[in-house]
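Trainee: Sharing entry.pdb below, PDB, C-alpha atoms:
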```pdb
ATOM      1  CA  MET N   1     -45.697  39.693-266.643
ATOM      2  CA  ALA N   2     -46.453  42.865-264.626
ATOM      3  CA  ASP N   3     -43.753  45.468-263.941
ATOM      4  CA  ARG N   4     -42.051  45.255-260.544
ATOM      5  CA  PHE N   5     -43.088  47.786-257.889
ATOM      6  CA  ASP N   6     -40.638  47.401-255.031
ATOM      7  CA  CYS N   7     -39.554  49.373-251.935
ATOM      8  CA  ASP N   8     -36.605  51.525-252.899
ATOM      9  CA  ASN N   9     -34.760  50.450-249.734
ATOM     10  CA  CYS N  10     -35.483  46.744-249.017
ATOM     11  CA  LYS N  11     -36.515  45.890-252.599
ATOM     12  CA  GLU N  12     -39.531  43.953-251.387
ATOM     13  CA  SER N  13     -42.640  44.104-253.506
ATOM     14  CA  LEU N  14     -45.149  46.751-252.538
ATOM     15  CA  TYR N  15     -48.100  45.087-254.266
ATOM     16  CA  GLY N  16     -50.928  44.757-251.761
ATOM     17  CA  ARG N  17     -49.000  46.765-249.120
ATOM     18  CA  LYS N  18     -49.097  50.340-247.852
ATOM     19  CA  TYR N  19     -46.228  52.552-248.919
ATOM     20  CA  ILE N  20     -45.094  56.161-248.800
ATOM     21  CA  GLN N  21     -43.708  58.057-251.749
ATOM     22  CA  SER N  22     -40.687  60.265-250.947
ATOM     23  CA  ASP N  23     -38.592  62.108-253.551
ATOM     24  CA  ASP N  24     -40.309  60.089-256.298
ATOM     25  CA  SER N  25     -39.281  56.830-254.643
ATOM     26  CA  PRO N  26     -41.664  54.409-252.916
ATOM     27  CA  TYR N  27     -40.921  52.979-249.488
ATOM     28  CA  CYS N  28     -42.610  50.394-247.382
ATOM     29  CA  ILE N  29     -43.770  51.662-244.024
ATOM     30  CA  PRO N  30     -40.996  50.053-241.904
ATOM     31  CA  CYS N  31     -38.282  51.344-244.235
ATOM     32  CA  TYR N  32     -39.780  54.812-244.402
ATOM     33  CA  ASP N  33     -39.956  55.074-240.603
ATOM     34  CA  SER N  34     -36.387  53.868-240.154
ATOM     35  CA  LEU N  35     -35.010  56.179-242.829
ATOM     36  CA  PHE N  36     -36.960  59.383-242.347
ATOM     37  CA  SER N  37     -38.639  59.432-238.929
ATOM     38  CA  ASN N  38     -37.200  61.469-236.045
ATOM     39  CA  THR N  39     -36.281  60.014-232.673
ATOM     40  CA  CYS N  40     -38.278  61.164-229.640
ATOM     41  CA  ASP N  41     -36.026  63.095-227.260
ATOM     42  CA  GLU N  42     -37.919  61.699-224.288
ATOM     43  CA  CYS N  43     -38.335  57.944-224.951
ATOM     44  CA  LYS N  44     -35.603  57.634-227.639
ATOM     45  CA  GLU N  45     -37.926  55.686-229.937
ATOM     46  CA  LEU N  46     -38.800  56.541-233.530
ATOM     47  CA  ILE N  47     -41.775  58.790-234.087
ATOM     48  CA  GLY N  48     -43.780  56.823-236.652
ATOM     49  CA  HIS N  49     -45.287  58.312-239.762
ATOM     50  CA  ASP N  50     -48.774  57.989-238.321
ATOM     51  CA  ALA N  51     -47.932  59.527-234.912
ATOM     52  CA  ARG N  52     -48.360  63.210-234.055
ATOM     53  CA  GLU N  53     -44.930  64.751-233.727
ATOM     54  CA  LEU N  54     -44.141  67.794-231.606
ATOM     55  CA  PHE N  55     -41.053  69.911-232.195
ATOM     56  CA  TYR N  56     -39.427  72.263-229.665
ATOM     57  CA  GLU N  57     -35.910  73.797-229.685
ATOM     58  CA  ASP N  58     -34.455  71.304-232.193
ATOM     59  CA  ARG N  59     -35.921  68.390-230.288
ATOM     60  CA  HIS N  60     -38.707  66.046-231.343
ATOM     61  CA  TYR N  61     -41.313  64.384-229.157
ATOM     62  CA  HIS N  62     -44.201  61.983-229.362
ATOM     63  CA  GLU N  63     -47.365  63.776-228.377
ATOM     64  CA  HIS N  64     -47.702  61.594-225.275
ATOM     65  CA  CYS N  65     -44.024  62.157-224.363
ATOM     66  CA  PHE N  66     -44.234  65.943-224.356
ATOM     67  CA  ARG N  67     -45.270  66.331-220.717
ATOM     68  CA  CYS N  68     -44.840  68.584-217.671
ATOM     69  CA  PHE N  69     -41.773  67.705-215.611
ATOM     70  CA  ARG N  70     -43.718  68.222-212.341
ATOM     71  CA  CYS N  71     -47.297  67.001-212.765
ATOM     72  CA  ASP N  72     -46.762  64.806-215.873
ATOM     73  CA  CYS N  73     -49.713  66.325-217.728
ATOM     74  CA  SER N  74     -49.553  66.592-221.515
ATOM     75  CA  LEU N  75     -48.234  69.901-222.833
ATOM     76  CA  ALA N  76     -49.664  69.406-226.319
ATOM     77  CA  ASP N  77     -51.774  72.470-227.135
ATOM     78  CA  GLU N  78     -51.071  73.910-223.658
ATOM     79  CA  PRO N  79     -48.895  76.877-222.605
ATOM     80  CA  PHE N  80     -45.642  75.825-220.961
ATOM     81  CA  THR N  81     -42.298  77.184-219.774
ATOM     82  CA  ASN N  82     -38.776  75.834-220.084
ATOM     83  CA  GLN N  83     -37.085  76.210-216.694
ATOM     84  CA  GLU N  84     -33.469  74.989-216.708
ATOM     85  CA  ASP N  85     -34.249  72.430-219.443
ATOM     86  CA  ALA N  86     -37.302  71.187-217.555
ATOM     87  CA  LEU N  87     -40.646  71.678-219.277
ATOM     88  CA  LEU N  88     -43.329  72.953-216.884
ATOM     89  CA  CYS N  89     -47.012  73.591-217.456
ATOM     90  CA  ASN N  90     -48.225  77.069-216.625
ATOM     91  CA  ASP N  91     -49.783  76.044-213.308
ATOM     92  CA  CYS N  92     -46.653  74.271-212.044
ATOM     93  CA  TYR N  93     -44.424  77.140-213.117
ATOM     94  CA  CYS N  94     -46.602  79.719-211.347
ATOM     95  CA  ASN N  95     -46.847  77.657-208.161
ATOM     96  CA  GLU N  96     -43.078  77.184-208.023
ATOM     97  CA  PHE N  97     -41.616  80.381-209.450
ATOM     98  CA  SER N  98     -44.230  83.140-209.748
ATOM     99  CA  SER N  99     -44.925  85.618-206.951
ATOM    100  CA  LYS N 100     -48.285  86.129-205.278
ATOM    101  CA  CYS N 101     -50.168  89.400-205.052
ATOM    102  CA  VAL N 102     -50.007  90.611-201.438
ATOM    103  CA  ALA N 103     -53.493  92.139-201.777
ATOM    104  CA  CYS N 104     -55.544  89.227-203.146
ATOM    105  CA  ASP N 105     -53.101  86.364-202.445
ATOM    106  CA  LYS N 106     -53.488  85.081-206.007
ATOM    107  CA  ILE N 107     -50.621  84.224-208.338
ATOM    108  CA  VAL N 108     -49.401  86.970-210.653
ATOM    109  CA  MET N 109     -49.462  85.106-213.950
ATOM    110  CA  PRO N 110     -46.498  85.423-216.328
ATOM    111  CA  GLY N 111     -47.089  88.070-218.954
ATOM    112  CA  THR N 112     -49.539  90.091-216.856
ATOM    113  CA  ARG N 113     -48.801  93.620-215.668
ATOM    114  CA  LYS N 114     -47.625  93.807-212.073
ATOM    115  CA  LEU N 115     -46.325  96.366-209.611
ATOM    116  CA  GLU N 116     -43.383  95.778-207.291
ATOM    117  CA  TYR N 117     -42.454  97.875-204.259
ATOM    118  CA  ALA N 118     -40.345  97.149-201.166
ATOM    119  CA  GLY N 119     -40.010  93.478-202.081
ATOM    120  CA  SER N 120     -43.752  92.876-202.531
ATOM    121  CA  THR N 121     -45.795  92.308-205.673
ATOM    122  CA  TRP N 122     -49.314  93.396-206.655
ATOM    123  CA  HIS N 123     -51.568  92.901-209.616
ATOM    124  CA  GLU N 124     -51.825  96.287-211.304
ATOM    125  CA  GLY N 125     -55.494  96.563-210.324
ATOM    126  CA  CYS N 126     -54.841  95.502-206.705
ATOM    127  CA  PHE N 127     -52.395  98.307-205.877
ATOM    128  CA  VAL N 128     -54.910 100.951-204.750
ATOM    129  CA  CYS N 129     -54.947 104.067-202.562
ATOM    130  CA  ARG N 130     -56.003 103.280-198.980
ATOM    131  CA  ALA N 131     -58.326 106.305-198.891
ATOM    132  CA  CYS N 132     -60.022 106.609-202.298
ATOM    133  CA  GLU N 133     -59.466 102.939-203.269
ATOM    134  CA  GLN N 134     -58.546 103.937-206.813
ATOM    135  CA  PRO N 135     -55.710 102.066-208.602
ATOM    136  CA  ILE N 136     -52.451 103.980-208.243
ATOM    137  CA  GLY N 137     -50.841 102.465-211.332
ATOM    138  CA  SER N 138     -47.623 104.231-212.252
ATOM    139  CA  LYS N 139     -48.564 107.483-210.452
ATOM    140  CA  SER N 140     -46.637 108.781-207.452
ATOM    141  CA  PHE N 141     -47.732 107.571-204.035
ATOM    142  CA  ILE N 142     -46.696 107.951-200.403
ATOM    143  CA  PRO N 143     -46.373 105.013-197.980
ATOM    144  CA  GLU N 144     -47.734 105.418-194.462
ATOM    145  CA  LYS N 145     -46.897 102.462-192.222
ATOM    146  CA  ASP N 146     -48.272  99.467-194.159
ATOM    147  CA  GLU N 147     -50.667 101.501-196.301
ATOM    148  CA  HIS N 148     -50.229 103.442-199.533
ATOM    149  CA  TYR N 149     -51.892 106.719-200.478
ATOM    150  CA  CYS N 150     -52.076 108.725-203.676
ATOM    151  CA  VAL N 151     -50.587 112.182-203.171
ATOM    152  CA  PRO N 152     -53.915 114.127-203.038
ATOM    153  CA  CYS N 153     -55.393 111.747-200.432
ATOM    154  CA  TYR N 154     -52.226 111.784-198.341
ATOM    155  CA  GLU N 155     -52.132 115.574-198.249
ATOM    156  CA  ASP N 156     -55.805 115.746-197.324
ATOM    157  CA  LYS N 157     -55.444 113.168-194.537
ATOM    158  CA  PHE N 158     -52.027 113.882-193.025
ATOM    159  CA  ALA N 159     -50.743 117.303-194.098
ATOM    160  CA  PRO N 160     -51.017 120.114-191.493
ATOM    161  CA  ARG N 161     -53.561 122.865-192.126
ATOM    162  CA  CYS N 162     -52.797 126.545-192.220
ATOM    163  CA  THR N 163     -53.842 128.283-188.998
ATOM    164  CA  ARG N 164     -55.525 131.062-190.960
ATOM    165  CA  CYS N 165     -57.177 129.532-194.063
ATOM    166  CA  GLN N 166     -57.387 125.916-192.807
ATOM    167  CA  LYS N 167     -56.257 124.586-196.188
ATOM    168  CA  THR N 168     -53.611 121.859-196.345
ATOM    169  CA  LEU N 169     -50.036 123.058-196.187
ATOM    170  CA  ALA N 170     -48.274 120.755-198.619
ATOM    171  CA  LYS N 171     -44.980 122.582-199.029
ATOM    172  CA  GLY N 172     -43.085 125.591-197.749
ATOM    173  CA  GLY N 173     -44.727 127.910-195.234
ATOM    174  CA  VAL N 174     -43.716 129.198-191.809
ATOM    175  CA  THR N 175     -44.293 128.142-188.232
ATOM    176  CA  TYR N 176     -45.068 130.542-185.396
ATOM    177  CA  ARG N 177     -45.830 129.469-181.843
ATOM    178  CA  ASP N 178     -45.785 125.855-183.066
ATOM    179  CA  GLU N 179     -48.565 126.546-185.567
ATOM    180  CA  PRO N 180     -48.166 126.213-189.361
ATOM    181  CA  TRP N 181     -49.035 128.987-191.798
ATOM    182  CA  HIS N 182     -48.871 129.509-195.540
ATOM    183  CA  LYS N 183     -46.332 132.250-196.212
ATOM    184  CA  GLU N 184     -49.015 134.278-197.939
ATOM    185  CA  CYS N 185     -51.352 133.837-194.952
ATOM    186  CA  PHE N 186     -48.899 134.944-192.274
ATOM    187  CA  VAL N 187     -49.368 138.719-192.622
ATOM    188  CA  CYS N 188     -49.410 141.829-190.469
ATOM    189  CA  SER N 189     -52.792 142.322-188.812
ATOM    190  CA  GLY N 190     -52.577 146.014-189.721
ATOM    191  CA  CYS N 191     -51.176 146.502-193.237
ATOM    192  CA  LYS N 192     -51.434 142.842-194.396
ATOM    193  CA  THR N 193     -47.789 142.725-195.467
ATOM    194  CA  GLN N 194     -46.276 139.208-195.466
ATOM    195  CA  LEU N 195     -44.163 138.705-192.362
ATOM    196  CA  ALA N 196     -42.214 135.577-193.385
ATOM    197  CA  GLY N 197     -38.529 136.291-192.815
ATOM    198  CA  GLN N 198     -39.282 139.762-191.386
ATOM    199  CA  HIS N 199     -39.064 141.103-187.820
ATOM    200  CA  PHE N 200     -42.461 141.487-186.202
ATOM    201  CA  THR N 201     -44.135 141.562-182.829
ATOM    202  CA  SER N 202     -47.562 140.620-181.536
ATOM    203  CA  ARG N 203     -50.402 141.940-179.438
ATOM    204  CA  ASP N 204     -53.279 139.796-178.192
ATOM    205  CA  ASP N 205     -51.837 136.882-180.233
ATOM    206  CA  SER N 206     -52.084 138.903-183.465
ATOM    207  CA  PRO N 207     -48.843 139.548-185.406
ATOM    208  CA  TYR N 208     -47.863 143.062-186.484
ATOM    209  CA  CYS N 209     -44.997 144.466-188.491
ATOM    210  CA  LEU N 210     -42.857 146.883-186.494
ATOM    211  CA  LYS N 211     -44.232 149.923-188.285
ATOM    212  CA  CYS N 212     -47.892 149.066-187.616
ATOM    213  CA  PHE N 213     -47.245 148.065-184.025
ATOM    214  CA  GLY N 214     -45.472 151.334-183.325
ATOM    215  CA  SER N 215     -48.203 153.356-185.021
ATOM    216  CA  LEU N 216     -51.116 151.575-183.322
ATOM    217  CA  TYR N 217     -49.912 150.715-179.810
ATOM    218  CA  ALA N 218     -46.587 152.297-178.866
ATOM    219  CA  LYS N 219     -46.363 155.423-176.701
ATOM    220  CA  LYS N 220     -45.237 158.573-178.527
ATOM    221  CA  CYS N 221     -42.179 160.547-177.554
ATOM    222  CA  GLU N 222     -43.173 164.014-176.315
ATOM    223  CA  ALA N 223     -40.129 165.495-178.013
ATOM    224  CA  CYS N 224     -39.820 163.823-181.444
ATOM    225  CA  GLY N 225     -43.313 162.388-181.820
ATOM    226  CA  LYS N 226     -42.016 159.002-182.871
ATOM    227  CA  PRO N 227     -43.210 155.737-181.290
ATOM    228  CA  ILE N 228     -41.331 154.528-178.242
ATOM    229  CA  THR N 229     -40.593 150.847-178.833
ATOM    230  CA  GLY N 230     -38.230 148.323-177.309
ATOM    231  CA  PHE N 231     -36.841 147.199-180.652
ATOM    232  CA  GLY N 232     -33.095 147.309-180.309
ATOM    233  CA  GLY N 233     -33.287 147.741-176.480
ATOM    234  CA  GLY N 234     -33.243 150.980-174.457
ATOM    235  CA  LYS N 235     -35.317 152.857-171.873
ATOM    236  CA  TYR N 236     -37.907 155.618-171.907
ATOM    237  CA  ILE N 237     -38.563 158.492-169.521
ATOM    238  CA  SER N 238     -41.959 159.040-167.916
ATOM    239  CA  PHE N 239     -42.618 162.475-166.406
ATOM    240  CA  GLU N 240     -45.995 163.990-165.522
ATOM    241  CA  GLU N 241     -47.833 161.318-167.571
ATOM    242  CA  ARG N 242     -45.735 162.051-170.619
ATOM    243  CA  GLN N 243     -43.004 159.908-172.173
ATOM    244  CA  TRP N 244     -39.743 160.548-173.960
ATOM    245  CA  HIS N 245     -37.029 158.525-175.586
ATOM    246  CA  GLN N 246     -34.192 158.682-173.112
ATOM    247  CA  PRO N 247     -31.981 160.642-175.591
ATOM    248  CA  CYS N 248     -34.895 163.059-176.259
ATOM    249  CA  PHE N 249     -35.429 163.973-172.611
ATOM    250  CA  THR N 250     -33.164 167.031-172.351
ATOM    251  CA  CYS N 251     -33.295 170.468-170.795
ATOM    252  CA  THR N 252     -35.650 172.738-172.724
ATOM    253  CA  HIS N 253     -33.103 175.570-172.477
ATOM    254  CA  GLY N 254     -30.449 173.554-174.247
ATOM    255  CA  GLY N 255     -28.611 172.487-171.153
ATOM    256  CA  ALA N 256     -27.707 168.997-170.214
ATOM    257  CA  GLY N 257     -29.039 169.179-166.697
ATOM    258  CA  GLY N 258     -30.399 166.255-164.694
ATOM    259  CA  HIS N 259     -33.869 164.813-165.111
ATOM    260  CA  VAL N 260     -36.105 166.191-162.393
ATOM    261  CA  GLY N 261     -39.813 166.273-161.780
ATOM    262  CA  SER N 262     -42.036 169.291-161.111
ATOM    263  CA  ASP N 263     -41.815 168.631-157.388
ATOM    264  CA  GLY N 264     -38.065 168.728-157.541
ATOM    265  CA  GLY N 265     -37.768 164.909-157.535
ATOM    266  CA  PRO N 266     -36.164 162.925-160.344
ATOM    267  CA  ALA N 267     -38.101 161.726-163.401
ATOM    268  CA  LEU N 268     -38.532 157.945-163.672
ATOM    269  CA  ALA N 269     -36.776 155.875-166.326
ATOM    270  CA  PHE N 270     -38.462 152.613-167.352
ATOM    271  CA  ALA N 271     -37.110 149.672-169.296
ATOM    272  CA  LEU N 272     -39.496 148.639-172.049
ATOM    273  CA  PRO N 273     -41.359 145.376-171.349
ATOM    274  CA  PRO N 274     -40.068 142.186-173.028
ATOM    275  CA  ALA N 275     -43.406 141.752-174.847
ATOM    276  CA  ALA N 276     -42.451 144.576-177.166
ATOM    277  CA  ALA N 277     -39.369 142.785-178.423
ATOM    278  CA  ALA N 278     -39.343 141.886-182.096
ATOM    279  CA  THR N 279     -39.716 138.308-183.242
ATOM    280  CA  THR N 280     -39.015 136.525-186.523
ATOM    281  CA  ALA N 281     -41.201 133.690-187.775
ATOM    282  CA  ALA N 282     -39.220 130.523-188.323
ATOM    283  CA  SER N 283     -39.315 129.256-191.883
ATOM    284  CA  LEU N 284     -40.004 125.604-192.475
ATOM    285  CA  SER N 285     -36.847 124.098-193.896
ATOM    286  CA  SER N 286     -38.525 121.725-196.320
ATOM    287  CA  SER N 287     -41.813 120.649-197.825
ATOM    288  CA  PHE N 288     -44.187 118.763-195.570
ATOM    289  CA  VAL N 289     -45.130 116.114-198.122
ATOM    290  CA  GLN N 290     -42.710 113.253-198.319
ATOM    291  CA  ARG N 291     -40.968 112.504-201.591
ATOM    292  CA  PRO N 292     -43.246 110.113-203.505
ATOM    293  CA  ALA N 293     -42.018 106.562-203.518
ATOM    294  CA  SER N 294     -40.577 105.056-206.620
ATOM    295  CA  LEU N 295     -42.608 102.407-208.307
ATOM    296  CA  GLY N 296     -41.542  99.487-210.432
ATOM    297  CA  LEU N 297     -43.822  98.712-213.356
ATOM    298  CA  LEU N 298     -42.979  95.460-215.065
ATOM    299  CA  LEU N 299     -44.544  93.644-217.955
TER     300      LEU N 299
END
```
Taking this structure as input, can you express it in the form of structure tokens?
Mentor:
Amino acid sequence: MADRFDCDNCKESLYGRKYIQSDDSPYCIPCYDSLFSNTCDECKELIGHDARELFYEDRHYHEHCFRCFRCDCSLADEPFTNQEDALLCNDCYCNEFSSKCVACDKIVMPGTRKLEYAGSTWHEGCFVCRACEQPIGSKSFIPEKDEHYCVPCYEDKFAPRCTRCQKTLAKGGVTYRDEPWHKECFVCSGCKTQLAGQHFTSRDDSPYCLKCFGSLYAKKCEACGKPITGFGGGKYISFEERQWHQPCFTCTHGGAGGHVGSDGGPALAFALPPAAAATTAASLSSSFVQRPASLGLLL
């Protein structure tokens, strides 16, 4: 008589039947499934020994039960996302939760590099300078209305140009007669000394320091030989085509007599014209270029 070969659970003979060996003990198929198989979290039925079982976060699923909550497609071998305990395929998740690139109107896929600014989102390669069309990436940029410019392009397109050298004036500088100048370009037309922050005057629209203007254009006092200028106010005396500072026009014999002409009439005293008054160039209070906008770079 042959030895018995029975299921370790139901004790039925396994001769001529399929069985599964577990921990050195044989089991018939129904007993093995009932004892060792996991229950599908979706349909609550046992996952048989011959079925493909999927495991996710301590839960078990039949292959056909592991599906997208929205479109019901199988998630086996497909990327998916768990959103508030609902399993979503990548397409459904992107359509419902991912942002769109404002440049190309395509979805910014999870895990891709994106740029965010002022509540809008771009693919990294779609956020480009309006002028040179090169990707800005994480570099500084300057917004202008609804466009964005890299700093070099913005300065070239919008920054004022120095009245003298015609190069862009990105920061600092002075303004004179509503025209911008680099500090190093705003100089005396005579000695080339920088005039920023200094008193100066002008002649024929050309600026001069006080020393050069007095030396080149001012009348000379007949008594002291120094230029007669209006800086600080005052008058000058004109007599027989000669001029004096008012304090210098005195009696040649040391007296303090009145000012008279050769014909016995008085000498003429003239107030200096307003054009000779000194001026100071106004300094620009801040850089022209705006502070570059901050940029969010997310992974």
Trainee: What does the distance from CA of Tyr15 in chain N to CA of Asn38 in chain N come to in Å, to one decimal?
Mentor: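 Interatomic distance here is 26.8 Å.
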Trainee: Expanded to explicit residues, what is the PyMOL selection byres ((chain N and resi 79) around 9) for this file, as a ChimeraX atom specification?
Mentor: /N:75-78,80-81,88-90
Trainee: Distance CA of Thr163 in chain N-CA of Gln194 in chain N, one decimal place?
Mentor: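 Between CA of Thr163 in chain N and CA of Gln194 in chain N the gap works out to 14.8 Å.
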Trainee: If you apply the PyMOL selection byres ((chain N and resi 68) around 6) to this file, what residues do you get, as number ranges by chain?
Mentor: N: 67, 69-73, 87-89
Trainee: For this file, the PyMOL selection byres ((chain N and resi 213) around 12) selects which residues, as a PyMOL selection string?
Mentor: chain N and resi 188-191+199-204+206-212+214-219+227-231+275-278
